[in-house]
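Here is the file coords-v4.cif (mmCIF, N, CA and C atoms).
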data_model
#
loop_
_atom_site.label_atom_id
_atom_site.label_comp_id
_atom_site.auth_asym_id
_atom_site.auth_seq_id
_atom_site.Cartn_x
_atom_site.Cartn_y
_atom_site.Cartn_z
N MET A 1 0.86 -1.19 0.00
CA MET A 1 0.00 0.00 0.00
C MET A 1 0.90 1.23 0.00
N GLU A 2 0.80 2.02 -1.06
CA GLU A 2 1.69 3.18 -1.13
C GLU A 2 1.21 4.26 -0.15
N HIS A 3 2.15 5.03 0.32
CA HIS A 3 1.85 6.09 1.29
C HIS A 3 0.93 7.13 0.65
N GLU A 4 -0.15 7.46 1.36
CA GLU A 4 -1.10 8.45 0.84
C GLU A 4 -0.40 9.81 0.75
N LYS A 5 -0.60 10.46 -0.41
CA LYS A 5 -0.01 11.78 -0.60
C LYS A 5 -0.70 12.78 0.32
N GLN A 6 0.06 13.77 0.75
CA GLN A 6 -0.52 14.86 1.53
C GLN A 6 -1.63 15.50 0.72
N GLY A 7 -2.75 15.76 1.38
CA GLY A 7 -3.82 16.48 0.71
C GLY A 7 -4.74 15.62 -0.13
N ALA A 8 -4.59 14.28 -0.03
CA ALA A 8 -5.44 13.40 -0.83
C ALA A 8 -6.91 13.62 -0.49
N LEU A 9 -7.74 13.65 -1.52
CA LEU A 9 -9.19 13.79 -1.34
C LEU A 9 -9.85 12.45 -1.64
N PRO A 10 -11.04 12.21 -1.07
CA PRO A 10 -11.69 10.92 -1.28
C PRO A 10 -12.03 10.67 -2.75
N ASP A 11 -12.01 9.40 -3.13
CA ASP A 11 -12.44 9.02 -4.47
C ASP A 11 -13.91 9.39 -4.66
N ILE A 12 -14.30 9.62 -5.89
CA ILE A 12 -15.72 9.70 -6.24
C ILE A 12 -16.15 8.27 -6.54
N ARG A 13 -17.22 7.82 -5.90
CA ARG A 13 -17.69 6.44 -6.09
C ARG A 13 -19.20 6.43 -6.28
N TYR A 14 -19.64 5.72 -7.29
CA TYR A 14 -21.07 5.48 -7.48
C TYR A 14 -21.30 4.01 -7.75
N THR A 15 -22.20 3.41 -6.97
CA THR A 15 -22.53 1.99 -7.14
C THR A 15 -24.02 1.88 -7.41
N GLY A 16 -24.37 1.01 -8.33
CA GLY A 16 -25.79 0.77 -8.61
C GLY A 16 -25.97 -0.59 -9.22
N VAL A 17 -27.21 -1.06 -9.24
CA VAL A 17 -27.54 -2.34 -9.87
C VAL A 17 -28.42 -2.04 -11.07
N PHE A 18 -28.01 -2.54 -12.22
CA PHE A 18 -28.76 -2.33 -13.46
C PHE A 18 -29.35 -3.64 -13.94
N LYS A 19 -30.53 -3.54 -14.55
CA LYS A 19 -31.22 -4.73 -15.08
C LYS A 19 -30.63 -5.05 -16.45
N ALA A 20 -29.42 -5.60 -16.43
CA ALA A 20 -28.73 -5.99 -17.66
C ALA A 20 -27.68 -7.03 -17.29
N PRO A 21 -27.46 -8.02 -18.18
CA PRO A 21 -26.41 -9.02 -17.90
C PRO A 21 -25.02 -8.40 -17.92
N ILE A 22 -24.09 -9.05 -17.23
CA ILE A 22 -22.75 -8.48 -17.05
C ILE A 22 -22.04 -8.22 -18.38
N GLN A 23 -22.23 -9.09 -19.38
CA GLN A 23 -21.53 -8.88 -20.66
C GLN A 23 -21.99 -7.59 -21.34
N LYS A 24 -23.26 -7.27 -21.19
CA LYS A 24 -23.80 -6.04 -21.80
C LYS A 24 -23.22 -4.81 -21.09
N VAL A 25 -23.13 -4.87 -19.77
CA VAL A 25 -22.56 -3.75 -19.01
C VAL A 25 -21.06 -3.64 -19.31
N TRP A 26 -20.38 -4.80 -19.40
CA TRP A 26 -18.95 -4.81 -19.74
C TRP A 26 -18.71 -4.07 -21.05
N LYS A 27 -19.52 -4.40 -22.08
CA LYS A 27 -19.36 -3.75 -23.39
C LYS A 27 -19.59 -2.24 -23.29
N ALA A 28 -20.44 -1.82 -22.35
CA ALA A 28 -20.76 -0.39 -22.19
C ALA A 28 -19.61 0.39 -21.54
N VAL A 29 -18.74 -0.30 -20.81
CA VAL A 29 -17.63 0.41 -20.13
C VAL A 29 -16.26 0.04 -20.68
N ALA A 30 -16.17 -1.04 -21.47
CA ALA A 30 -14.85 -1.54 -21.87
C ALA A 30 -14.65 -1.58 -23.39
N THR A 31 -15.58 -0.95 -24.14
CA THR A 31 -15.38 -0.83 -25.59
C THR A 31 -15.55 0.64 -25.97
N ALA A 32 -14.90 1.02 -27.07
CA ALA A 32 -14.99 2.41 -27.53
C ALA A 32 -16.44 2.78 -27.83
N GLU A 33 -17.15 1.86 -28.51
CA GLU A 33 -18.53 2.13 -28.90
C GLU A 33 -19.42 2.30 -27.67
N GLY A 34 -19.27 1.39 -26.70
CA GLY A 34 -20.10 1.44 -25.50
C GLY A 34 -19.83 2.69 -24.68
N LEU A 35 -18.54 2.98 -24.43
CA LEU A 35 -18.17 4.14 -23.61
C LEU A 35 -18.59 5.44 -24.28
N SER A 36 -18.51 5.47 -25.62
CA SER A 36 -18.91 6.67 -26.37
C SER A 36 -20.40 6.95 -26.23
N ALA A 37 -21.19 5.87 -26.08
CA ALA A 37 -22.65 6.01 -26.08
C ALA A 37 -23.17 6.79 -24.87
N TRP A 38 -22.46 6.70 -23.73
CA TRP A 38 -22.96 7.36 -22.53
C TRP A 38 -21.94 8.30 -21.87
N PHE A 39 -20.67 8.25 -22.31
CA PHE A 39 -19.64 9.06 -21.65
C PHE A 39 -19.04 10.08 -22.61
N MET A 40 -17.96 9.75 -23.30
CA MET A 40 -17.32 10.65 -24.25
C MET A 40 -16.80 9.83 -25.43
N PRO A 41 -16.74 10.44 -26.62
CA PRO A 41 -16.13 9.75 -27.76
C PRO A 41 -14.69 9.35 -27.41
N ASN A 42 -14.26 8.17 -27.88
CA ASN A 42 -12.95 7.65 -27.48
C ASN A 42 -12.54 6.54 -28.43
N ASP A 43 -11.29 6.08 -28.26
CA ASP A 43 -10.82 4.93 -29.04
C ASP A 43 -10.21 3.88 -28.10
N LEU A 44 -10.94 3.61 -27.03
CA LEU A 44 -10.55 2.61 -26.03
C LEU A 44 -10.50 1.21 -26.63
N GLU A 45 -9.51 0.44 -26.21
CA GLU A 45 -9.51 -1.01 -26.41
C GLU A 45 -9.17 -1.62 -25.06
N PRO A 46 -9.89 -2.70 -24.65
CA PRO A 46 -9.67 -3.28 -23.33
C PRO A 46 -8.41 -4.15 -23.27
N VAL A 47 -7.27 -3.49 -23.45
CA VAL A 47 -5.97 -4.16 -23.47
C VAL A 47 -5.02 -3.36 -22.57
N VAL A 48 -4.42 -4.03 -21.59
CA VAL A 48 -3.50 -3.34 -20.68
C VAL A 48 -2.37 -2.69 -21.49
N GLY A 49 -2.11 -1.42 -21.19
CA GLY A 49 -1.06 -0.68 -21.90
C GLY A 49 -1.57 0.10 -23.10
N HIS A 50 -2.82 -0.19 -23.51
CA HIS A 50 -3.39 0.52 -24.67
C HIS A 50 -3.54 2.00 -24.34
N GLU A 51 -2.99 2.85 -25.20
CA GLU A 51 -3.13 4.30 -25.03
C GLU A 51 -4.22 4.79 -25.95
N PHE A 52 -5.11 5.62 -25.40
CA PHE A 52 -6.22 6.11 -26.21
C PHE A 52 -6.58 7.52 -25.77
N GLN A 53 -7.57 8.10 -26.42
CA GLN A 53 -7.96 9.48 -26.12
C GLN A 53 -9.45 9.55 -25.83
N LEU A 54 -9.78 10.36 -24.83
CA LEU A 54 -11.17 10.73 -24.59
C LEU A 54 -11.37 12.11 -25.19
N ASN A 55 -12.44 12.28 -25.93
CA ASN A 55 -12.73 13.60 -26.50
C ASN A 55 -13.59 14.36 -25.50
N ALA A 56 -12.93 15.26 -24.76
CA ALA A 56 -13.60 15.98 -23.67
C ALA A 56 -14.24 17.28 -24.16
N GLY A 57 -14.65 17.30 -25.42
CA GLY A 57 -15.36 18.46 -25.95
C GLY A 57 -14.54 19.73 -25.85
N PRO A 58 -15.04 20.72 -25.05
CA PRO A 58 -14.35 22.00 -24.96
C PRO A 58 -12.94 21.87 -24.36
N TYR A 59 -12.68 20.77 -23.63
CA TYR A 59 -11.35 20.57 -23.04
C TYR A 59 -10.41 19.82 -23.98
N GLY A 60 -10.91 19.46 -25.16
CA GLY A 60 -10.04 18.82 -26.14
C GLY A 60 -9.82 17.34 -25.87
N MET A 61 -8.75 16.81 -26.44
CA MET A 61 -8.45 15.39 -26.32
C MET A 61 -7.68 15.12 -25.04
N SER A 62 -8.14 14.13 -24.30
CA SER A 62 -7.53 13.78 -23.02
C SER A 62 -6.81 12.44 -23.16
N PRO A 63 -5.50 12.39 -22.90
CA PRO A 63 -4.77 11.14 -23.05
C PRO A 63 -5.10 10.16 -21.92
N CYS A 64 -5.26 8.89 -22.28
CA CYS A 64 -5.59 7.84 -21.31
C CYS A 64 -4.73 6.61 -21.60
N LYS A 65 -4.64 5.74 -20.58
CA LYS A 65 -3.88 4.49 -20.74
C LYS A 65 -4.52 3.42 -19.88
N VAL A 66 -4.84 2.30 -20.50
CA VAL A 66 -5.46 1.18 -19.77
C VAL A 66 -4.42 0.57 -18.82
N THR A 67 -4.81 0.44 -17.54
CA THR A 67 -3.87 -0.08 -16.53
C THR A 67 -4.27 -1.46 -16.00
N GLU A 68 -5.54 -1.83 -16.16
CA GLU A 68 -5.99 -3.10 -15.61
C GLU A 68 -7.20 -3.60 -16.40
N VAL A 69 -7.19 -4.89 -16.74
CA VAL A 69 -8.33 -5.51 -17.40
C VAL A 69 -8.55 -6.88 -16.79
N ASP A 70 -9.74 -7.11 -16.27
CA ASP A 70 -10.13 -8.42 -15.75
C ASP A 70 -11.56 -8.68 -16.25
N GLU A 71 -11.66 -9.04 -17.54
CA GLU A 71 -12.95 -9.18 -18.20
C GLU A 71 -13.75 -10.33 -17.58
N PRO A 72 -15.03 -10.15 -17.27
CA PRO A 72 -15.82 -8.93 -17.40
C PRO A 72 -16.02 -8.21 -16.07
N ARG A 73 -15.02 -8.33 -15.18
CA ARG A 73 -15.23 -7.81 -13.82
C ARG A 73 -14.64 -6.44 -13.55
N LYS A 74 -13.56 -6.09 -14.27
CA LYS A 74 -12.90 -4.83 -13.91
C LYS A 74 -12.08 -4.29 -15.07
N ILE A 75 -12.19 -2.98 -15.28
CA ILE A 75 -11.28 -2.29 -16.19
C ILE A 75 -10.92 -0.95 -15.54
N ALA A 76 -9.65 -0.57 -15.67
CA ALA A 76 -9.20 0.70 -15.10
C ALA A 76 -8.27 1.37 -16.11
N PHE A 77 -8.34 2.70 -16.15
CA PHE A 77 -7.41 3.43 -17.00
C PHE A 77 -7.06 4.78 -16.39
N ARG A 78 -5.82 5.19 -16.69
CA ARG A 78 -5.36 6.53 -16.32
C ARG A 78 -6.08 7.52 -17.21
N TRP A 79 -6.45 8.67 -16.63
CA TRP A 79 -7.14 9.71 -17.40
C TRP A 79 -6.40 11.01 -17.13
N GLY A 80 -5.78 11.56 -18.17
CA GLY A 80 -5.01 12.78 -17.98
C GLY A 80 -3.80 12.52 -17.10
N LYS A 81 -3.34 13.54 -16.41
CA LYS A 81 -2.10 13.40 -15.64
C LYS A 81 -2.31 12.91 -14.21
N ASP A 82 -3.54 13.01 -13.69
CA ASP A 82 -3.74 12.75 -12.26
C ASP A 82 -4.70 11.61 -11.93
N TRP A 83 -5.65 11.34 -12.81
CA TRP A 83 -6.79 10.52 -12.40
C TRP A 83 -6.73 9.09 -12.90
N THR A 84 -7.44 8.24 -12.18
CA THR A 84 -7.70 6.87 -12.65
C THR A 84 -9.20 6.65 -12.59
N LEU A 85 -9.74 6.08 -13.67
CA LEU A 85 -11.14 5.66 -13.70
C LEU A 85 -11.19 4.15 -13.64
N THR A 86 -12.00 3.63 -12.73
CA THR A 86 -12.13 2.19 -12.56
C THR A 86 -13.61 1.82 -12.63
N PHE A 87 -13.90 0.77 -13.36
CA PHE A 87 -15.26 0.22 -13.41
C PHE A 87 -15.19 -1.20 -12.86
N GLU A 88 -15.92 -1.45 -11.76
CA GLU A 88 -15.96 -2.78 -11.15
C GLU A 88 -17.35 -3.36 -11.32
N LEU A 89 -17.44 -4.56 -11.90
CA LEU A 89 -18.72 -5.20 -12.18
C LEU A 89 -18.89 -6.47 -11.37
N LYS A 90 -20.12 -6.71 -10.92
CA LYS A 90 -20.46 -7.95 -10.22
C LYS A 90 -21.66 -8.58 -10.91
N ASP A 91 -21.52 -9.86 -11.26
CA ASP A 91 -22.58 -10.59 -11.96
C ASP A 91 -23.66 -11.01 -10.96
N LEU A 92 -24.88 -10.50 -11.16
CA LEU A 92 -26.01 -10.87 -10.31
C LEU A 92 -27.07 -11.59 -11.15
N GLY A 93 -26.61 -12.42 -12.08
CA GLY A 93 -27.54 -13.14 -12.95
C GLY A 93 -28.03 -12.25 -14.07
N ASP A 94 -29.33 -11.89 -14.04
CA ASP A 94 -29.85 -11.02 -15.10
C ASP A 94 -29.67 -9.54 -14.76
N GLN A 95 -28.96 -9.29 -13.66
CA GLN A 95 -28.62 -7.91 -13.28
C GLN A 95 -27.11 -7.81 -13.04
N THR A 96 -26.62 -6.59 -13.04
CA THR A 96 -25.19 -6.36 -12.80
C THR A 96 -25.03 -5.19 -11.85
N GLU A 97 -24.22 -5.40 -10.82
CA GLU A 97 -23.84 -4.29 -9.95
C GLU A 97 -22.58 -3.67 -10.53
N ILE A 98 -22.59 -2.34 -10.65
CA ILE A 98 -21.39 -1.66 -11.16
C ILE A 98 -21.01 -0.53 -10.22
N THR A 99 -19.71 -0.43 -9.97
CA THR A 99 -19.16 0.68 -9.20
C THR A 99 -18.22 1.46 -10.11
N ILE A 100 -18.46 2.75 -10.18
CA ILE A 100 -17.58 3.66 -10.91
C ILE A 100 -16.72 4.38 -9.87
N ILE A 101 -15.40 4.33 -10.04
CA ILE A 101 -14.50 4.98 -9.09
C ILE A 101 -13.60 5.95 -9.87
N HIS A 102 -13.65 7.22 -9.49
CA HIS A 102 -12.80 8.25 -10.10
C HIS A 102 -11.83 8.69 -9.01
N SER A 103 -10.59 8.25 -9.12
CA SER A 103 -9.61 8.51 -8.05
C SER A 103 -8.46 9.39 -8.56
N GLY A 104 -7.64 9.83 -7.62
CA GLY A 104 -6.47 10.64 -7.94
C GLY A 104 -6.61 12.11 -7.57
N TRP A 105 -7.56 12.38 -6.68
CA TRP A 105 -7.83 13.79 -6.29
C TRP A 105 -6.88 14.26 -5.20
N ASN A 106 -6.46 15.51 -5.30
CA ASN A 106 -5.59 16.08 -4.28
C ASN A 106 -5.88 17.57 -4.14
N GLU A 107 -6.04 18.01 -2.89
CA GLU A 107 -6.43 19.42 -2.68
C GLU A 107 -5.36 20.41 -3.11
N HIS A 108 -4.11 19.94 -3.27
CA HIS A 108 -3.02 20.85 -3.63
C HIS A 108 -2.69 20.82 -5.13
N THR A 109 -3.45 20.04 -5.90
CA THR A 109 -3.11 19.82 -7.30
C THR A 109 -4.04 20.62 -8.22
N LEU A 110 -3.47 21.10 -9.33
CA LEU A 110 -4.26 21.75 -10.37
C LEU A 110 -4.38 20.79 -11.55
N THR A 111 -5.50 20.87 -12.26
CA THR A 111 -5.66 20.07 -13.47
C THR A 111 -4.78 20.64 -14.57
N GLU A 112 -4.76 19.93 -15.72
CA GLU A 112 -4.02 20.43 -16.89
C GLU A 112 -4.49 21.83 -17.28
N PHE A 113 -5.73 22.16 -16.91
CA PHE A 113 -6.32 23.43 -17.31
C PHE A 113 -6.24 24.48 -16.21
N GLY A 114 -5.41 24.18 -15.17
CA GLY A 114 -5.14 25.16 -14.14
C GLY A 114 -6.26 25.33 -13.11
N GLN A 115 -7.18 24.34 -13.07
CA GLN A 115 -8.28 24.43 -12.10
C GLN A 115 -7.94 23.58 -10.88
N PRO A 116 -8.23 24.10 -9.67
CA PRO A 116 -7.92 23.34 -8.46
C PRO A 116 -8.77 22.08 -8.36
N HIS A 117 -8.14 20.98 -7.98
CA HIS A 117 -8.84 19.71 -7.83
C HIS A 117 -10.12 19.79 -6.98
N PRO A 118 -10.09 20.47 -5.81
CA PRO A 118 -11.32 20.45 -4.99
C PRO A 118 -12.53 21.02 -5.74
N ILE A 119 -12.33 22.02 -6.57
CA ILE A 119 -13.44 22.61 -7.32
C ILE A 119 -13.90 21.65 -8.41
N VAL A 120 -12.94 21.11 -9.15
CA VAL A 120 -13.26 20.19 -10.23
C VAL A 120 -13.94 18.93 -9.67
N ARG A 121 -13.46 18.47 -8.51
CA ARG A 121 -14.03 17.27 -7.91
C ARG A 121 -15.51 17.46 -7.61
N GLY A 122 -15.88 18.63 -7.11
CA GLY A 122 -17.28 18.92 -6.83
C GLY A 122 -18.14 18.84 -8.08
N VAL A 123 -17.62 19.42 -9.15
CA VAL A 123 -18.33 19.42 -10.44
C VAL A 123 -18.43 17.98 -10.97
N MET A 124 -17.31 17.26 -10.91
CA MET A 124 -17.26 15.90 -11.43
C MET A 124 -18.16 14.96 -10.62
N ASP A 125 -18.23 15.19 -9.32
CA ASP A 125 -19.07 14.35 -8.46
C ASP A 125 -20.52 14.43 -8.94
N LYS A 126 -20.99 15.64 -9.19
CA LYS A 126 -22.35 15.82 -9.72
C LYS A 126 -22.45 15.20 -11.12
N GLY A 127 -21.42 15.38 -11.91
CA GLY A 127 -21.39 14.82 -13.26
C GLY A 127 -21.52 13.31 -13.26
N TRP A 128 -20.77 12.65 -12.35
CA TRP A 128 -20.81 11.19 -12.28
C TRP A 128 -22.17 10.68 -11.81
N ALA A 129 -22.84 11.44 -10.98
CA ALA A 129 -24.19 11.03 -10.54
C ALA A 129 -25.09 10.91 -11.77
N GLY A 130 -25.01 11.91 -12.66
CA GLY A 130 -25.80 11.88 -13.88
C GLY A 130 -25.33 10.81 -14.85
N LEU A 131 -24.01 10.65 -14.98
CA LEU A 131 -23.46 9.66 -15.90
C LEU A 131 -23.80 8.24 -15.48
N HIS A 132 -23.82 8.01 -14.16
CA HIS A 132 -24.18 6.68 -13.65
C HIS A 132 -25.60 6.34 -14.10
N GLN A 133 -26.51 7.32 -14.01
CA GLN A 133 -27.89 7.12 -14.46
C GLN A 133 -27.95 6.92 -15.98
N LYS A 134 -27.13 7.68 -16.70
CA LYS A 134 -27.10 7.58 -18.16
C LYS A 134 -26.61 6.19 -18.58
N LEU A 135 -25.59 5.68 -17.89
CA LEU A 135 -25.09 4.33 -18.16
C LEU A 135 -26.21 3.31 -17.91
N GLY A 136 -26.92 3.48 -16.81
CA GLY A 136 -28.03 2.57 -16.50
C GLY A 136 -29.08 2.57 -17.59
N ALA A 137 -29.46 3.77 -18.05
CA ALA A 137 -30.47 3.89 -19.10
C ALA A 137 -29.97 3.23 -20.39
N TYR A 138 -28.66 3.38 -20.66
CA TYR A 138 -28.07 2.80 -21.87
C TYR A 138 -28.12 1.27 -21.83
N VAL A 139 -27.67 0.67 -20.72
CA VAL A 139 -27.59 -0.81 -20.68
C VAL A 139 -28.97 -1.45 -20.47
N GLU A 140 -29.91 -0.71 -19.90
CA GLU A 140 -31.25 -1.25 -19.67
C GLU A 140 -32.16 -1.03 -20.88
N GLY A 141 -31.71 -0.17 -21.82
CA GLY A 141 -32.52 0.19 -22.98
C GLY A 141 -32.63 -0.93 -24.01
#
Can you present the structure in this file as structure tokens?
Amino acid sequence: MEHEKQGALPDIRYTGVFKAPIQKVWKAVATAEGLSAWFMPNDLEPVVGHEFQLNAGPYGMSPCKVTEVDEPRKIAFRWGKDWTLTFELKDLGDQTEITIIHSGWNEHTLTEFGQPHPIVRGVMDKGWAGLHQKLGAYVEG
């Protein structure tokens, strides 16, 4: 367990159960087409070490790198210079529990765009609440 950096802020976490089989939810978080449908346009491939880009609209292209793949239970990737996004899935038969974890927050750190992490984290926390619902609507549709 690496030593926690000074000023670390809690991860953003959202967990929910969706009425969709695990493979369908996996495709929604671990393929470019699925992730684009509810999150941002991208060229993700679920391969450790794969480098890809998220199209963050007004913020431009955001570099990412896949760090962990355990199909169909977990995928994680670095996002930008500070963050890691992790999707953890649990098979509940005809339903799937999914946890979205956005980690790497620090009160002393600025984003690539010069915004303080605590402010961005507040905005992103609200954003993920909506995105979690959007993902649910996508996989249940």
Selected residue of minimal separation from Phe18 of chain A among A:Lys65, A:His50, A:Lys74, A:Lys134, counting only C-alpha atoms: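 Result for the nearest residue to Phe18 of chain A: A:Lys134.
Note that atom C of Pro118 of chain A and atom N of Gly34 of chain A are 29.5 Å apart.
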Evaluate the PyMOL selection byres (((chain A and resi 57-59 and name CA) around 9) and name CA) and report residues as a list in words: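 Checking the PyMOL selection byres (((chain A and resi 57-59 and name CA) around 9) and name CA) against this file, the residues are Met40, Pro41, Leu54, Asn55, Ala56, Gly60, Met61, Ser62 and Phe113 of chain A.
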Ref. answer, residues at most 5 Å from (-22.2, 3.7, -11.2) with only N, CA and C atoms, as number ranges by chain: A: 14-16, 98-100, 132
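Between atom C of Phe77 of chain A and atom C of His108 of chain A there is a distance of 20.1 Å.
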For atom CA of Val17 of chain A and atom N of Asp43 of chain A, the interatomic separation in Å (one decimal):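 The value is 25.9 Å.
Neighbouring residues of Thr84 of chain A at 12 Å or closer, counting only C-alpha atoms and skipping chain neighbours under 6 positions away, are Asp11, Ile12, Arg13, Pro63, Cys64, Lys65, Val66, Thr67, Glu68, Ile75, Ala76, Phe77, Arg78, Ile100, Ile101, His102, Ser103, Gly104 and Trp105 of chain A.
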A:Thr96, A:Leu35, A:Gly7, A:Val69 ranked by distance to Gln23 of chain A, top pick (using all atoms listed in the file):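 For Gln23 of chain A, the nearest of the candidates is A:Thr96.
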Segment 51-137 of chain A: residues DSSP assigns to helix (DSSP H, G or I), reported as number ranges by chain: A: 57-59, 117-137
Output check: residues returned by the PyMOL selection byres ((chain A and resi 91) around 8), as a VMD selection string: chain A and resid 21 to 23 72 to 73 88 to 90 92 to 98
Picked from chain A by DSSP as strand (DSSP E or B), as JSON, numbers by chain: {"A": [8, 12, 13, 14, 15, 16, 17, 18, 42, 51, 52, 53, 54, 55, 61, 62, 63, 64, 65, 66, 67, 68, 69, 70, 74, 75, 76, 77, 78, 79, 83, 84, 85, 86, 87, 88, 89, 90, 91, 92, 95, 96, 97, 98, 99, 100, 101, 102, 103, 106, 110, 116]}
Point (-17.6, 0.8, -21.3), cut-off 9 Å, counting only C-alpha atoms, residues as number ranges by chain: A: 25-39, 44, 75, 87, 135
Residues returned when the PyMOL selection byres (((chain A and resi 112 and name CA) around 10) and name CA) runs on this file, as a list in words: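 On this input, the PyMOL selection byres (((chain A and resi 112 and name CA) around 10) and name CA) captures Tyr59, Ser62, Gly80, Lys81, Asp82, Thr109, Leu110, Thr111, Phe113, Gly114, Gln115 and Pro116 of chain A.
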Could the residues in this selection be saved with N, CA and C atoms as an mmCIF file, in the coordinates of the input?
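Final output, saved to again_31.cif:
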data_model
loop_
_atom_site.group_PDB
_atom_site.id
_atom_site.type_symbol
_atom_site.label_atom_id
_atom_site.label_comp_id
_atom_site.auth_asym_id
_atom_site.auth_seq_id
_atom_site.Cartn_x
_atom_site.Cartn_y
_atom_site.Cartn_z
ATOM 1 N N TYR A 59 -12.680 20.770 -23.630
ATOM 2 C CA TYR A 59 -11.350 20.570 -23.040
ATOM 3 C C TYR A 59 -10.410 19.820 -23.980
ATOM 4 N N SER A 62 -8.140 14.130 -24.300
ATOM 5 C CA SER A 62 -7.530 13.780 -23.020
ATOM 6 C C SER A 62 -6.810 12.440 -23.160
ATOM 7 N N GLY A 80 -5.780 11.560 -18.170
ATOM 8 C CA GLY A 80 -5.010 12.780 -17.980
ATOM 9 C C GLY A 80 -3.800 12.520 -17.100
ATOM 10 N N LYS A 81 -3.340 13.540 -16.410
ATOM 11 C CA LYS A 81 -2.100 13.400 -15.640
ATOM 12 C C LYS A 81 -2.310 12.910 -14.210
ATOM 13 N N ASP A 82 -3.540 13.010 -13.690
ATOM 14 C CA ASP A 82 -3.740 12.750 -12.260
ATOM 15 C C ASP A 82 -4.700 11.610 -11.930
ATOM 16 N N THR A 109 -3.450 20.040 -5.900
ATOM 17 C CA THR A 109 -3.110 19.820 -7.300
ATOM 18 C C THR A 109 -4.040 20.620 -8.220
ATOM 19 N N LEU A 110 -3.470 21.100 -9.330
ATOM 20 C CA LEU A 110 -4.260 21.750 -10.370
ATOM 21 C C LEU A 110 -4.380 20.790 -11.550
ATOM 22 N N THR A 111 -5.500 20.870 -12.260
ATOM 23 C CA THR A 111 -5.660 20.070 -13.470
ATOM 24 C C THR A 111 -4.780 20.640 -14.570
ATOM 25 N N PHE A 113 -5.730 22.160 -16.910
ATOM 26 C CA PHE A 113 -6.320 23.430 -17.310
ATOM 27 C C PHE A 113 -6.240 24.480 -16.210
ATOM 28 N N GLY A 114 -5.410 24.180 -15.170
ATOM 29 C CA GLY A 114 -5.140 25.160 -14.140
ATOM 30 C C GLY A 114 -6.260 25.330 -13.110
ATOM 31 N N GLN A 115 -7.180 24.340 -13.070
ATOM 32 C CA GLN A 115 -8.280 24.430 -12.100
ATOM 33 C C GLN A 115 -7.940 23.580 -10.880
ATOM 34 N N PRO A 116 -8.230 24.100 -9.670
ATOM 35 C CA PRO A 116 -7.920 23.340 -8.460
ATOM 36 C C PRO A 116 -8.770 22.080 -8.360
#
